[in-house]
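Enquirer: One file: model.cif (mmCIF, C-alpha atoms).
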```cif
data_protein
#
loop_
_atom_site.label_atom_id
_atom_site.label_comp_id
_atom_site.auth_asym_id
_atom_site.auth_seq_id
_atom_site.Cartn_x
_atom_site.Cartn_y
_atom_site.Cartn_z
CA MET N 97 92.98 104.05 44.22
CA LYS N 98 90.30 102.35 42.13
CA VAL N 99 90.36 98.67 43.03
CA ALA N 100 88.30 96.03 41.26
CA ILE N 101 87.68 92.75 43.05
CA ILE N 102 86.68 89.77 40.93
CA GLY N 103 84.65 87.46 43.16
CA SER N 104 82.03 88.49 45.70
CA GLY N 105 82.21 85.64 48.23
CA ILE N 106 83.68 85.87 51.73
CA VAL N 107 87.18 86.67 50.44
CA GLY N 108 86.09 89.39 48.03
CA GLN N 109 83.72 90.94 50.54
CA THR N 110 86.35 90.95 53.31
CA LEU N 111 89.06 92.46 51.12
CA GLY N 112 86.59 94.95 49.70
CA LYS N 113 85.45 96.16 53.11
CA LYS N 114 89.05 96.65 54.24
CA LEU N 115 89.91 98.59 51.09
CA VAL N 116 86.87 100.84 51.56
CA GLU N 117 87.96 101.47 55.16
CA LEU N 118 91.39 102.45 53.83
CA GLY N 119 89.74 105.02 51.56
CA HIS N 120 89.96 103.18 48.26
CA ASP N 121 87.32 103.32 45.57
CA VAL N 122 86.12 99.71 45.40
CA VAL N 123 84.05 97.97 42.77
CA LEU N 124 83.08 94.41 43.61
CA GLY N 125 82.69 92.18 40.57
CA THR N 126 80.07 89.45 40.72
CA ARG N 127 78.56 87.09 38.15
CA ASP N 128 75.08 88.57 38.37
CA PRO N 129 74.81 92.02 39.96
CA ASN N 130 71.03 91.66 39.96
CA LYS N 131 71.22 89.00 42.70
CA LEU N 132 72.03 91.46 45.47
CA ASP N 133 69.92 89.71 48.07
CA GLU N 134 71.33 86.19 47.66
CA ALA N 135 73.66 84.88 50.41
CA LYS N 136 77.17 84.27 49.06
CA GLY N 137 78.35 80.94 50.49
CA TRP N 138 79.97 81.67 53.86
CA ALA N 139 79.29 85.37 53.39
CA GLY N 140 76.15 87.46 53.51
CA SER N 141 74.36 89.03 50.57
CA LEU N 142 75.78 91.90 48.56
CA SER N 143 72.97 94.14 49.82
CA ASP N 144 74.21 93.49 53.36
CA TRP N 145 77.78 94.12 52.23
CA LEU N 146 76.89 97.43 50.60
CA THR N 147 75.22 98.46 53.86
CA ALA N 148 78.27 97.29 55.85
CA VAL N 149 80.58 99.49 53.77
CA GLY N 150 78.23 102.48 54.11
CA ASN N 151 77.40 102.27 50.41
CA LYS N 152 80.86 103.63 49.67
CA ALA N 153 81.44 100.91 47.06
CA THR N 154 79.66 99.58 44.02
CA VAL N 155 78.80 96.15 42.62
CA ALA N 156 79.20 95.35 38.93
CA THR N 157 79.73 92.48 36.52
CA PHE N 158 83.21 90.92 36.37
CA ALA N 159 83.88 92.80 33.12
CA ALA N 160 82.54 96.17 34.26
CA ALA N 161 84.47 95.89 37.52
CA ALA N 162 87.74 94.93 35.82
CA ALA N 163 87.33 97.75 33.29
CA GLN N 164 87.10 100.30 36.10
CA GLY N 165 89.92 98.97 38.30
CA GLU N 166 93.43 100.39 38.25
CA ILE N 167 94.35 97.33 40.28
CA VAL N 168 92.40 94.08 40.00
CA ILE N 169 92.19 91.39 42.69
CA ASN N 170 91.29 87.78 41.89
CA ALA N 171 89.22 86.63 44.86
CA THR N 172 87.30 83.85 43.11
CA HIS N 173 87.50 80.15 43.97
CA GLY N 174 90.75 78.90 42.49
CA MET N 175 89.03 76.19 40.46
CA ALA N 176 86.95 78.89 38.72
CA SER N 177 89.51 81.68 38.52
CA LEU N 178 90.65 81.30 34.92
CA GLU N 179 87.08 81.23 33.65
CA ALA N 180 86.07 84.21 35.81
CA LEU N 181 89.06 86.25 34.66
CA LYS N 182 88.29 85.43 31.04
CA ILE N 183 84.79 86.78 31.61
CA ALA N 184 86.39 89.84 33.22
CA GLY N 185 88.13 90.25 29.89
CA VAL N 186 91.75 90.15 28.78
CA GLU N 187 91.46 93.75 27.55
CA ASN N 188 90.35 94.90 31.01
CA LEU N 189 93.40 93.36 32.70
CA GLN N 190 96.03 94.59 30.25
CA ASN N 191 99.03 96.31 31.87
CA LYS N 192 97.30 96.20 35.24
CA ILE N 193 98.48 94.73 38.50
CA LEU N 194 96.45 91.56 39.04
CA ILE N 195 96.66 90.38 42.64
CA ASP N 196 95.88 86.67 42.86
CA VAL N 197 94.89 85.44 46.33
CA ALA N 198 93.21 82.19 45.20
CA ASN N 199 94.05 78.51 45.63
CA GLU N 200 92.88 75.58 43.54
CA LEU N 201 91.03 73.47 46.07
CA ASP N 202 88.80 70.56 45.10
CA PHE N 203 85.91 70.23 47.57
CA SER N 204 84.25 67.39 45.64
CA GLN N 205 85.77 64.63 47.82
CA GLY N 206 84.72 66.17 51.13
CA MET N 207 86.80 67.89 53.81
CA PRO N 208 89.59 68.79 53.94
CA PRO N 209 89.52 69.84 50.28
CA LYS N 210 92.39 68.61 48.12
CA SER N 211 94.91 71.11 46.85
CA LEU N 212 95.74 70.74 43.16
CA ALA N 213 99.06 72.57 43.56
CA THR N 214 102.24 70.76 42.60
CA ASP N 215 105.87 71.73 42.16
CA THR N 216 105.51 71.93 38.38
CA THR N 217 102.76 74.50 38.00
CA SER N 218 100.51 76.82 39.97
CA LEU N 219 97.36 78.85 39.54
CA GLY N 220 99.43 82.03 39.68
CA GLU N 221 101.48 80.87 36.70
CA LYS N 222 98.40 79.72 34.78
CA ILE N 223 96.86 83.16 35.24
CA GLN N 224 100.08 84.88 34.18
CA ALA N 225 100.23 82.65 31.07
CA ALA N 226 96.59 83.30 30.18
CA PHE N 227 96.96 87.08 30.70
CA PRO N 228 100.55 87.79 29.64
CA ASP N 229 100.04 91.56 29.66
CA ALA N 230 98.79 91.61 33.24
CA LYS N 231 101.28 91.94 36.09
CA VAL N 232 100.29 88.99 38.25
CA VAL N 233 101.29 89.18 41.91
CA LYS N 234 100.49 86.15 44.06
CA THR N 235 100.05 86.93 47.73
CA LEU N 236 97.81 86.45 50.78
CA ASN N 237 96.89 82.90 49.65
CA THR N 238 98.34 81.16 52.74
CA MET N 239 95.77 82.30 55.30
CA ASN N 240 92.08 82.97 55.78
CA CYS N 241 90.58 86.27 54.68
CA GLN N 242 90.23 87.70 58.20
CA MET N 243 93.99 87.30 58.61
CA MET N 244 94.64 88.81 55.16
CA VAL N 245 93.18 92.16 56.16
CA ASP N 246 94.02 92.21 59.87
CA PRO N 247 97.44 90.69 60.55
CA LYS N 248 97.79 92.69 63.78
CA GLN N 249 95.07 90.54 65.37
CA LEU N 250 97.76 87.84 65.85
CA ALA N 251 101.07 88.29 67.72
CA ASP N 252 101.04 92.01 66.87
CA GLY N 253 101.59 91.07 63.23
CA ASN N 254 104.72 89.02 63.87
CA HIS N 255 104.09 86.43 61.15
CA THR N 256 104.69 86.13 57.42
CA VAL N 257 102.94 86.93 54.16
CA PHE N 258 104.58 85.78 50.93
CA ILE N 259 104.69 87.57 47.60
CA SER N 260 105.54 86.20 44.13
CA GLY N 261 105.58 87.88 40.75
CA ASN N 262 107.64 88.73 37.69
CA ASP N 263 107.23 92.50 37.82
CA VAL N 264 109.36 94.14 40.50
CA ASP N 265 107.47 97.43 40.39
CA ALA N 266 104.11 95.64 40.71
CA LYS N 267 105.43 93.73 43.75
CA SER N 268 106.61 97.00 45.24
CA LYS N 269 103.12 98.54 44.88
CA VAL N 270 101.45 95.42 46.31
CA THR N 271 103.92 95.50 49.19
CA GLU N 272 102.72 99.03 50.00
CA LEU N 273 99.13 97.82 49.93
CA LEU N 274 100.04 94.93 52.27
CA GLN N 275 101.75 97.39 54.61
CA SER N 276 98.57 99.47 54.66
CA PHE N 277 96.76 96.32 55.88
CA GLY N 278 99.28 96.10 58.75
CA TRP N 279 101.75 93.60 57.30
CA THR N 280 105.37 94.03 58.33
CA ASP N 281 106.90 90.59 57.59
CA ILE N 282 106.54 90.44 53.78
CA PHE N 283 108.69 87.73 52.19
CA ASP N 284 109.41 88.21 48.47
CA LEU N 285 109.96 84.68 47.14
CA GLY N 286 110.85 85.72 43.60
CA ASP N 287 109.11 85.32 40.26
CA ILE N 288 105.64 83.90 39.65
CA THR N 289 106.93 80.31 39.58
CA SER N 290 107.37 80.65 43.35
CA ALA N 291 103.56 80.72 43.62
CA ARG N 292 103.91 76.91 43.49
CA ALA N 293 105.52 77.01 46.89
CA THR N 294 102.81 79.06 48.59
CA GLU N 295 99.95 77.23 46.89
CA MET N 296 101.47 73.98 48.16
CA MET N 297 101.11 75.32 51.72
CA MET N 298 97.32 75.00 51.61
CA PRO N 299 97.39 71.38 52.89
CA ILE N 300 99.42 72.29 55.99
CA TRP N 301 97.10 75.26 56.58
CA LEU N 302 94.08 72.96 56.29
CA ARG N 303 95.58 70.24 58.52
CA ALA N 304 96.42 72.88 61.10
CA PHE N 305 92.83 74.14 60.86
CA GLY N 306 91.66 70.59 61.55
CA LYS N 307 93.62 70.67 64.81
CA LEU N 308 93.33 74.30 65.87
CA GLY N 309 89.85 75.12 64.60
CA ASN N 310 88.62 78.63 64.21
CA VAL N 311 91.34 80.54 66.07
CA PRO N 312 93.71 83.06 64.51
CA TYR N 313 96.93 81.43 63.26
CA ASN N 314 99.45 81.89 60.51
CA PHE N 315 102.86 80.80 59.30
CA LYS N 316 106.05 82.57 60.15
CA ILE N 317 109.49 82.08 58.66
CA VAL N 318 111.68 82.42 61.75
CA VAL N 319 115.15 83.57 60.64
CA GLY N 320 118.31 83.56 62.76
CA MET U 259 118.10 52.99 73.25
CA LYS U 260 119.39 51.10 70.22
CA VAL U 261 118.73 53.29 67.20
CA ALA U 262 119.32 52.18 63.61
CA ILE U 263 119.72 54.85 60.96
CA ILE U 264 119.16 53.81 57.36
CA GLY U 265 121.23 56.17 55.22
CA SER U 266 124.72 57.44 55.93
CA GLY U 267 124.74 60.81 54.15
CA ILE U 268 124.67 64.19 55.82
CA VAL U 269 121.24 63.60 57.39
CA GLY U 270 122.06 60.17 58.79
CA GLN U 271 125.46 61.27 60.07
CA THR U 272 124.03 64.39 61.75
CA LEU U 273 121.19 62.51 63.43
CA GLY U 274 123.55 59.71 64.42
CA LYS U 275 126.05 62.06 66.05
CA LYS U 276 123.31 63.77 68.05
CA LEU U 277 121.90 60.43 69.21
CA VAL U 278 125.36 59.28 70.30
CA GLU U 279 125.78 62.53 72.26
CA LEU U 280 122.44 61.82 73.95
CA GLY U 281 123.78 58.42 75.04
CA HIS U 282 122.00 56.21 72.54
CA ASP U 283 123.49 53.11 71.00
CA VAL U 284 123.65 54.00 67.31
CA VAL U 285 124.18 51.78 64.31
CA LEU U 286 124.49 53.62 61.01
CA GLY U 287 123.25 51.63 58.05
CA THR U 288 125.03 52.13 54.73
CA ARG U 289 124.94 50.35 51.39
CA ASP U 290 128.52 49.14 51.56
CA PRO U 291 130.15 49.22 55.00
CA ASN U 292 133.51 48.44 53.40
CA LYS U 293 133.64 51.92 51.84
CA LEU U 294 134.44 53.69 55.08
CA ASP U 295 136.85 56.17 53.51
CA GLU U 296 134.57 57.45 50.73
CA ALA U 297 133.10 60.96 51.13
CA LYS U 298 129.29 60.84 51.41
CA GLY U 299 127.91 63.63 49.23
CA TRP U 300 127.76 66.78 51.37
CA ALA U 301 129.12 64.82 54.34
CA GLY U 302 132.50 63.39 55.17
CA SER U 303 133.49 59.74 55.13
CA LEU U 304 132.21 57.23 57.64
CA SER U 305 135.73 56.85 59.02
CA ASP U 306 135.68 60.55 59.85
CA TRP U 307 132.20 60.19 61.33
CA LEU U 308 133.25 57.27 63.53
CA THR U 309 136.13 59.40 64.78
CA ALA U 310 133.79 62.36 65.36
CA VAL U 311 131.51 60.24 67.54
CA GLY U 312 134.48 58.86 69.50
CA ASN U 313 133.91 55.42 68.00
CA LYS U 314 130.84 55.08 70.20
CA ALA U 315 128.73 53.90 67.24
CA THR U 316 128.99 51.24 64.58
CA VAL U 317 128.45 51.06 60.82
CA ALA U 318 126.62 48.13 59.22
CA THR U 319 124.61 47.17 56.16
CA PHE U 320 121.02 48.45 55.93
CA ALA U 321 119.74 45.00 56.94
CA ALA U 322 122.18 44.43 59.82
CA ALA U 323 121.49 47.93 61.13
CA ALA U 324 117.70 47.56 60.94
CA ALA U 325 117.88 44.15 62.62
CA GLN U 326 119.68 45.67 65.61
CA GLY U 327 117.56 48.83 66.00
CA GLU U 328 114.73 49.10 68.47
CA ILE U 329 113.84 52.28 66.62
CA VAL U 330 114.72 52.77 62.94
CA ILE U 331 115.18 56.13 61.21
CA ASN U 332 114.84 56.52 57.44
CA ALA U 333 117.47 59.11 56.52
CA THR U 334 117.93 58.11 52.89
CA HIS U 335 117.15 60.29 49.89
CA GLY U 336 113.37 60.21 49.46
CA MET U 337 113.58 58.99 45.88
CA ALA U 338 115.53 55.93 47.08
CA SER U 339 113.81 55.33 50.42
CA LEU U 340 111.45 52.52 49.48
CA GLU U 341 114.23 50.54 47.83
CA ALA U 342 116.60 51.13 50.74
CA LEU U 343 113.99 50.08 53.30
CA LYS U 344 113.25 46.93 51.29
CA ILE U 345 116.95 46.10 51.45
CA ALA U 346 116.80 46.78 55.18
CA GLY U 347 114.16 44.08 55.25
CA VAL U 348 110.47 44.01 56.08
CA GLU U 349 111.19 41.48 58.87
CA ASN U 350 113.67 43.89 60.48
CA LEU U 351 111.10 46.72 60.62
CA GLN U 352 108.18 44.71 61.96
CA ASN U 353 106.44 46.25 64.98
CA LYS U 354 109.15 48.90 65.21
CA ILE U 355 108.85 52.65 65.21
CA LEU U 356 110.10 53.82 61.81
CA ILE U 357 110.86 57.54 61.83
CA ASP U 358 110.76 58.92 58.30
CA VAL U 359 112.55 62.25 57.82
CA ALA U 360 112.88 62.04 54.01
CA ASN U 361 111.38 63.99 51.12
CA GLU U 362 111.01 62.93 47.52
CA LEU U 363 113.05 65.54 45.68
CA ASP U 364 114.02 65.21 42.04
CA PHE U 365 117.41 66.84 41.43
CA SER U 366 117.57 65.74 37.78
CA GLN U 367 116.28 69.08 36.43
CA GLY U 368 118.74 71.25 38.37
CA MET U 369 118.20 73.53 41.36
CA PRO U 370 115.94 73.97 43.17
CA PRO U 371 114.98 70.28 43.08
CA LYS U 372 111.34 69.49 42.36
CA SER U 373 109.22 68.03 45.12
CA LEU U 374 107.11 65.08 44.06
CA ALA U 375 104.68 65.57 46.96
CA THR U 376 101.02 66.14 46.16
CA ASP U 377 97.82 66.26 48.17
CA THR U 378 96.88 62.71 47.18
CA THR U 379 99.87 60.75 48.42
CA SER U 380 103.15 61.11 50.28
CA LEU U 381 106.36 59.21 50.89
CA GLY U 382 105.30 58.65 54.49
CA GLU U 383 102.13 56.90 53.32
CA LYS U 384 103.98 54.87 50.70
CA ILE U 385 106.37 53.62 53.37
CA GLN U 386 103.51 52.81 55.75
CA ALA U 387 101.75 50.90 52.94
CA ALA U 388 104.91 48.98 52.00
CA PHE U 389 105.66 48.13 55.66
CA PRO U 390 102.22 47.78 57.25
CA ASP U 391 103.60 46.27 60.47
CA ALA U 392 105.99 49.16 61.07
CA LYS U 393 104.79 52.21 63.01
CA VAL U 394 105.73 55.00 60.64
CA VAL U 395 106.12 58.46 62.16
CA LYS U 396 106.87 61.29 59.77
CA THR U 397 108.71 64.20 61.33
CA LEU U 398 111.68 66.58 60.97
CA ASN U 399 111.26 66.66 57.17
CA THR U 400 110.59 70.42 56.97
CA MET U 401 114.09 71.67 57.81
CA ASN U 402 117.76 70.95 57.26
CA CYS U 403 119.53 68.38 59.40
CA GLN U 404 121.41 70.90 61.53
CA MET U 405 118.06 72.34 62.58
CA MET U 406 116.64 68.84 63.21
CA VAL U 407 119.12 68.14 65.98
CA ASP U 408 119.65 71.66 67.35
CA PRO U 409 116.42 73.66 67.36
CA LYS U 410 117.71 75.91 70.16
CA GLN U 411 120.21 77.46 67.72
CA LEU U 412 117.29 79.54 66.39
CA ALA U 413 115.04 81.86 68.45
CA ASP U 414 115.67 79.71 71.53
CA GLY U 415 113.68 76.91 69.87
CA ASN U 416 110.57 79.02 69.30
CA HIS U 417 109.56 77.39 66.00
CA THR U 418 107.66 74.30 64.91
CA VAL U 419 108.32 70.66 64.11
CA PHE U 420 105.43 68.59 62.75
CA ILE U 421 104.62 64.96 63.48
CA SER U 422 102.32 62.59 61.59
CA GLY U 423 101.50 58.93 62.16
CA ASN U 424 98.80 56.36 62.78
CA ASP U 425 100.13 54.98 66.07
CA VAL U 426 99.54 57.29 69.01
CA ASP U 427 102.01 55.51 71.27
CA ALA U 428 104.72 55.65 68.61
CA LYS U 429 104.12 59.39 68.18
CA SER U 430 104.37 59.82 71.93
CA LYS U 431 107.77 58.08 72.01
CA VAL U 432 109.01 60.12 69.03
CA THR U 433 107.79 63.27 70.76
CA GLU U 434 110.02 62.39 73.73
CA LEU U 435 112.95 61.91 71.37
CA LEU U 436 112.25 65.29 69.75
CA GLN U 437 112.09 66.90 73.19
CA SER U 438 115.50 65.41 73.97
CA PHE U 439 116.80 67.21 70.86
CA GLY U 440 115.46 70.47 72.34
CA TRP U 441 112.11 70.71 70.55
CA THR U 442 109.28 72.35 72.48
CA ASP U 443 106.80 73.34 69.71
CA ILE U 444 105.78 69.89 68.41
CA PHE U 445 102.62 69.99 66.27
CA ASP U 446 100.79 66.66 65.92
CA LEU U 447 98.97 66.90 62.58
CA GLY U 448 97.19 63.55 62.83
CA ASP U 449 97.54 60.30 60.95
CA ILE U 450 100.11 59.44 58.30
CA THR U 451 98.04 61.03 55.51
CA SER U 452 99.03 64.38 57.02
CA ALA U 453 102.59 63.67 55.83
CA ARG U 454 101.31 65.05 52.51
CA ALA U 455 101.05 68.45 54.10
CA THR U 456 104.59 68.56 55.47
CA GLU U 457 106.16 67.02 52.37
CA MET U 458 104.42 69.75 50.34
CA MET U 459 106.30 72.35 52.39
CA MET U 460 109.62 71.45 50.77
CA PRO U 461 109.13 73.94 47.91
CA ILE U 462 108.58 76.88 50.28
CA TRP U 463 111.60 75.75 52.31
CA LEU U 464 113.69 75.61 49.12
CA ARG U 465 112.44 78.98 47.82
CA ALA U 466 113.20 80.52 51.20
CA PHE U 467 116.68 78.97 51.02
CA GLY U 468 117.13 80.61 47.62
CA LYS U 469 116.50 83.98 49.27
CA LEU U 470 118.01 83.51 52.73
CA GLY U 471 120.93 81.24 51.91
CA ASN U 472 122.74 79.27 54.52
CA VAL U 473 121.40 80.90 57.69
CA PRO U 474 119.32 79.14 60.34
CA TYR U 475 115.58 79.41 59.63
CA ASN U 476 112.46 77.38 60.14
CA PHE U 477 108.67 77.52 60.02
CA LYS U 478 106.51 78.41 62.95
CA ILE U 479 102.76 78.09 63.28
CA VAL U 480 101.92 81.25 65.20
CA VAL U 481 98.68 80.68 67.13
CA GLY U 482 96.57 83.34 68.80
#
```
What is this file in structure tokens?

Expert:
Amino acid sequence: MKVAIIGSGIVGQTLGKKLVELGHDVVLGTRDPNKLDEAKGWAGSLSDWLTAVGNKATVATFAAAAAQGEIVINATHGMASLEALKIAGVENLQNKILIDVANELDFSQGMPPKSLATDTTSLGEKIQAAFPDAKVVKTLNTMNCQMMVDPKQLADGNHTVFISGNDVDAKSKVTELLQSFGWTDIFDLGDITSARATEMMMPIWLRAFGKLGNVPYNFKIVVG
Amino acid sequence: MKVAIIGSGIVGQTLGKKLVELGHDVVLGTRDPNKLDEAKGWAGSLSDWLTAVGNKATVATFAAAAAQGEIVINATHGMASLEALKIAGVENLQNKILIDVANELDFSQGMPPKSLATDTTSLGEKIQAAFPDAKVVKTLNTMNCQMMVDPKQLADGNHTVFISGNDVDAKSKVTELLQSFGWTDIFDLGDITSARATEMMMPIWLRAFGKLGNVPYNFKIVVG
């Protein structure tokens, strides 16, 4: 499948590498594809990434990437997602599954960053409203990117990923993609308004990180 | 131990019954102790509750209850907690452990109720600010009251309760109380500001309830 990833930081690079390993045709969208040698925040440069994926992927502008993707993944910083997706182009997202893994986190006040999520709106809903013809599916936003692509690293995968979206068929296809990553406990919360609930989990994830540090961990809904 | 519970609805009654069973001296605070025969929302009347606990507890006003308690539990509706605790009396909470199990949920727009929690403030912090000489410990607010008092009903207790508060000794005493309820996975998130994180979990709890219905479930932080 042709997958476009909007955002070339640590999240985009990690998802992209996994998708390449799974045999998908990946195009990584970045603001300036000429800056291949610049380190990307917590990630390495795109030159290094292209080498790491055996040059089996390409790098393009947000718009060129989105135009090529059958499925598009929003892996930008949540605070910049709407702007980045507008640059990607409403026409390039039309009728496509748009997987949103981002959270609106404000780092301007220091660590831990403050989540902007509330129980009245969410980034997932804002994206759905801005791109009404895209099929927005919110998922994977309650963990770090290493856990997103390798759930089996922890408790043999016995923990939960959530999924929210209005389009049942889109959620079904994203569920298959999650299964190909190794996910088995996939909790469908309902329509895109339920993205509020998962985005509001960022603070507990961050507080847990403050206590646990850089070890693998994740949430599970234990059901009797 | 003499435990005062502020709030005589389903949460207060359930906690009170468990504490009586554990041998504590419980006084249940209610707005009008003369209305013993009135049903309390989702719970029965206080007459029925007194019978259920073998008349080994008493019912009193918020203030009389708080005055008697060595430990005080806030089991009121979160939207009414500050007012109820003011009626209980700042002088009756001074230097005491005040366990806050409440969440600010607005039921006025229908179901599911909307959580007022955000990543800039929390009910736990508001209570600590209003009663600076009380030792506020936020806990048990991420589950229903049957789960609060009987964690072993689910996965032999293999799931998580969170605890937040500024006073380390108070958290240690509350941890012992939680252990007496059967809790083994007790996650200390840090100071009272971390109550934001657990209060922001109400929406995911409520969305999960919408899908799972009335079966036992709870969160677990799975750690590798």

Enquirer: Apply the PyMOL selection byres ((chain N and resi 148) around 12) to the file shown and report the selected residues as a list in words.

Expert: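 This file gives the following for the PyMOL selection byres ((chain N and resi 148) around 12): Gln109, Thr110, Gly112, Lys113, Lys114, Val116, Glu117, Gly140, Ser141, Leu142, Ser143, Asp144, Trp145, Leu146, Thr147, Val149, Gly150, Asn151, Lys152 and Ala153 of chain N.
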
Enquirer: Just want the 9 Å neighbourhood of Met460 in chain U, counted on all atoms listed in the file, with same-chain residues fewer than 6 positions away dropped. Output as a ChimeraX atom specification.

Expert: /N:293,296 /U:361,363,372-373,375,399-401

Enquirer: Carefully work through the PyMOL selection byres ((chain N) within 9 of (chain U)) for this structure and note down the residues it includes, as a PyMOL selection string.

Expert: chain N and resi 210-216+249-251+254-255+283-286+290+292-294+296-304+306-308+311-320

Enquirer: What would the file look like if the residues just selected were written as a PDB file, keeping the file's coordinate frame with C-alpha atoms?

Expert:
```pdb
ATOM      1  CA  LYS N 210      92.390  68.610  48.120  1.00  0.00           C
ATOM      2  CA  SER N 211      94.910  71.110  46.850  1.00  0.00           C
ATOM      3  CA  LEU N 212      95.740  70.740  43.160  1.00  0.00           C
ATOM      4  CA  ALA N 213      99.060  72.570  43.560  1.00  0.00           C
ATOM      5  CA  THR N 214     102.240  70.760  42.600  1.00  0.00           C
ATOM      6  CA  ASP N 215     105.870  71.730  42.160  1.00  0.00           C
ATOM      7  CA  THR N 216     105.510  71.930  38.380  1.00  0.00           C
ATOM      8  CA  GLN N 249      95.070  90.540  65.370  1.00  0.00           C
ATOM      9  CA  LEU N 250      97.760  87.840  65.850  1.00  0.00           C
ATOM     10  CA  ALA N 251     101.070  88.290  67.720  1.00  0.00           C
ATOM     11  CA  ASN N 254     104.720  89.020  63.870  1.00  0.00           C
ATOM     12  CA  HIS N 255     104.090  86.430  61.150  1.00  0.00           C
ATOM     13  CA  PHE N 283     108.690  87.730  52.190  1.00  0.00           C
ATOM     14  CA  ASP N 284     109.410  88.210  48.470  1.00  0.00           C
ATOM     15  CA  LEU N 285     109.960  84.680  47.140  1.00  0.00           C
ATOM     16  CA  GLY N 286     110.850  85.720  43.600  1.00  0.00           C
ATOM     17  CA  SER N 290     107.370  80.650  43.350  1.00  0.00           C
ATOM     18  CA  ARG N 292     103.910  76.910  43.490  1.00  0.00           C
ATOM     19  CA  ALA N 293     105.520  77.010  46.890  1.00  0.00           C
ATOM     20  CA  THR N 294     102.810  79.060  48.590  1.00  0.00           C
ATOM     21  CA  MET N 296     101.470  73.980  48.160  1.00  0.00           C
ATOM     22  CA  MET N 297     101.110  75.320  51.720  1.00  0.00           C
ATOM     23  CA  MET N 298      97.320  75.000  51.610  1.00  0.00           C
ATOM     24  CA  PRO N 299      97.390  71.380  52.890  1.00  0.00           C
ATOM     25  CA  ILE N 300      99.420  72.290  55.990  1.00  0.00           C
ATOM     26  CA  TRP N 301      97.100  75.260  56.580  1.00  0.00           C
ATOM     27  CA  LEU N 302      94.080  72.960  56.290  1.00  0.00           C
ATOM     28  CA  ARG N 303      95.580  70.240  58.520  1.00  0.00           C
ATOM     29  CA  ALA N 304      96.420  72.880  61.100  1.00  0.00           C
ATOM     30  CA  GLY N 306      91.660  70.590  61.550  1.00  0.00           C
ATOM     31  CA  LYS N 307      93.620  70.670  64.810  1.00  0.00           C
ATOM     32  CA  LEU N 308      93.330  74.300  65.870  1.00  0.00           C
ATOM     33  CA  VAL N 311      91.340  80.540  66.070  1.00  0.00           C
ATOM     34  CA  PRO N 312      93.710  83.060  64.510  1.00  0.00           C
ATOM     35  CA  TYR N 313      96.930  81.430  63.260  1.00  0.00           C
ATOM     36  CA  ASN N 314      99.450  81.890  60.510  1.00  0.00           C
ATOM     37  CA  PHE N 315     102.860  80.800  59.300  1.00  0.00           C
ATOM     38  CA  LYS N 316     106.050  82.570  60.150  1.00  0.00           C
ATOM     39  CA  ILE N 317     109.490  82.080  58.660  1.00  0.00           C
ATOM     40  CA  VAL N 318     111.680  82.420  61.750  1.00  0.00           C
ATOM     41  CA  VAL N 319     115.150  83.570  60.640  1.00  0.00           C
ATOM     42  CA  GLY N 320     118.310  83.560  62.760  1.00  0.00           C
TER      43      GLY N 320
END
```

Enquirer: Using all atoms listed in the file, which of the listed residues (N:Ala135, N:Leu236, N:Met97, N:Leu189) sits closest to Leu118 in chain N?

Expert: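 Using all atoms listed in the file, Leu118 in chain N sits closest to N:Met97.
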
Enquirer: On this structure, the PyMOL selection byres ((chain U and resi 327-331) around 8) would catch which residues? List them as a short mmCIF file (atom, residue, chain, number, x, y, z; two decimals) with C-alpha atoms, in the frame of the given file, sorted by chain and number.

Expert:
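Result file is result.cif:
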```cif
data_model
loop_
_atom_site.label_atom_id
_atom_site.label_comp_id
_atom_site.auth_asym_id
_atom_site.auth_seq_id
_atom_site.Cartn_x
_atom_site.Cartn_y
_atom_site.Cartn_z
CA MET U 259 118.10 52.99 73.25
CA LYS U 260 119.39 51.10 70.22
CA VAL U 261 118.73 53.29 67.20
CA ALA U 262 119.32 52.18 63.61
CA ILE U 263 119.72 54.85 60.96
CA ILE U 264 119.16 53.81 57.36
CA VAL U 285 124.18 51.78 64.31
CA ALA U 323 121.49 47.93 61.13
CA ALA U 324 117.70 47.56 60.94
CA ALA U 325 117.88 44.15 62.62
CA GLN U 326 119.68 45.67 65.61
CA ASN U 332 114.84 56.52 57.44
CA ALA U 333 117.47 59.11 56.52
CA LEU U 351 111.10 46.72 60.62
CA LYS U 354 109.15 48.90 65.21
CA ILE U 355 108.85 52.65 65.21
CA LEU U 356 110.10 53.82 61.81
CA ILE U 357 110.86 57.54 61.83
CA ASP U 358 110.76 58.92 58.30
CA VAL U 359 112.55 62.25 57.82
#
```

Enquirer: Between N:Val233, N:Leu181, N:Ile288, N:Cys241, single out the one closest to Ser268 in chain N, counting all atoms listed in the file.

Expert: N:Val233

Enquirer: Quick one: axis-aligned box around all listed atoms of range 361-369 of chain U, 3 Å on every side, centre and edge lengths in Å to one decimal, written as AutoDock Vina command-line options.

Expert:
```
--center_x 114.9 --center_y 68.2 --center_z 43.8 --size_x 13.7 --size_y 16.6 --size_z 20.7
```

Enquirer: Take CA of Gly103 in chain N and CA of Met175 in chain N and report the distance between them in Å, one decimal.

Expert: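 Here the two named atoms are 12.4 Å from each other.
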
Enquirer: Expressed in Å to a single decimal, how great is the separation between CA of Gly347 in chain U and CA of Pro390 in chain U?

Expert: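 Separation of CA of Gly347 in chain U and CA of Pro390 in chain U: 12.7 Å.
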
Enquirer: Just the number, please: distance in Å from CA of Val317 in chain U to CA of Ala428 in chain U, one decimal.

Expert: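 For CA of Val317 in chain U relative to CA of Ala428 in chain U, the distance reads 25.4 Å.
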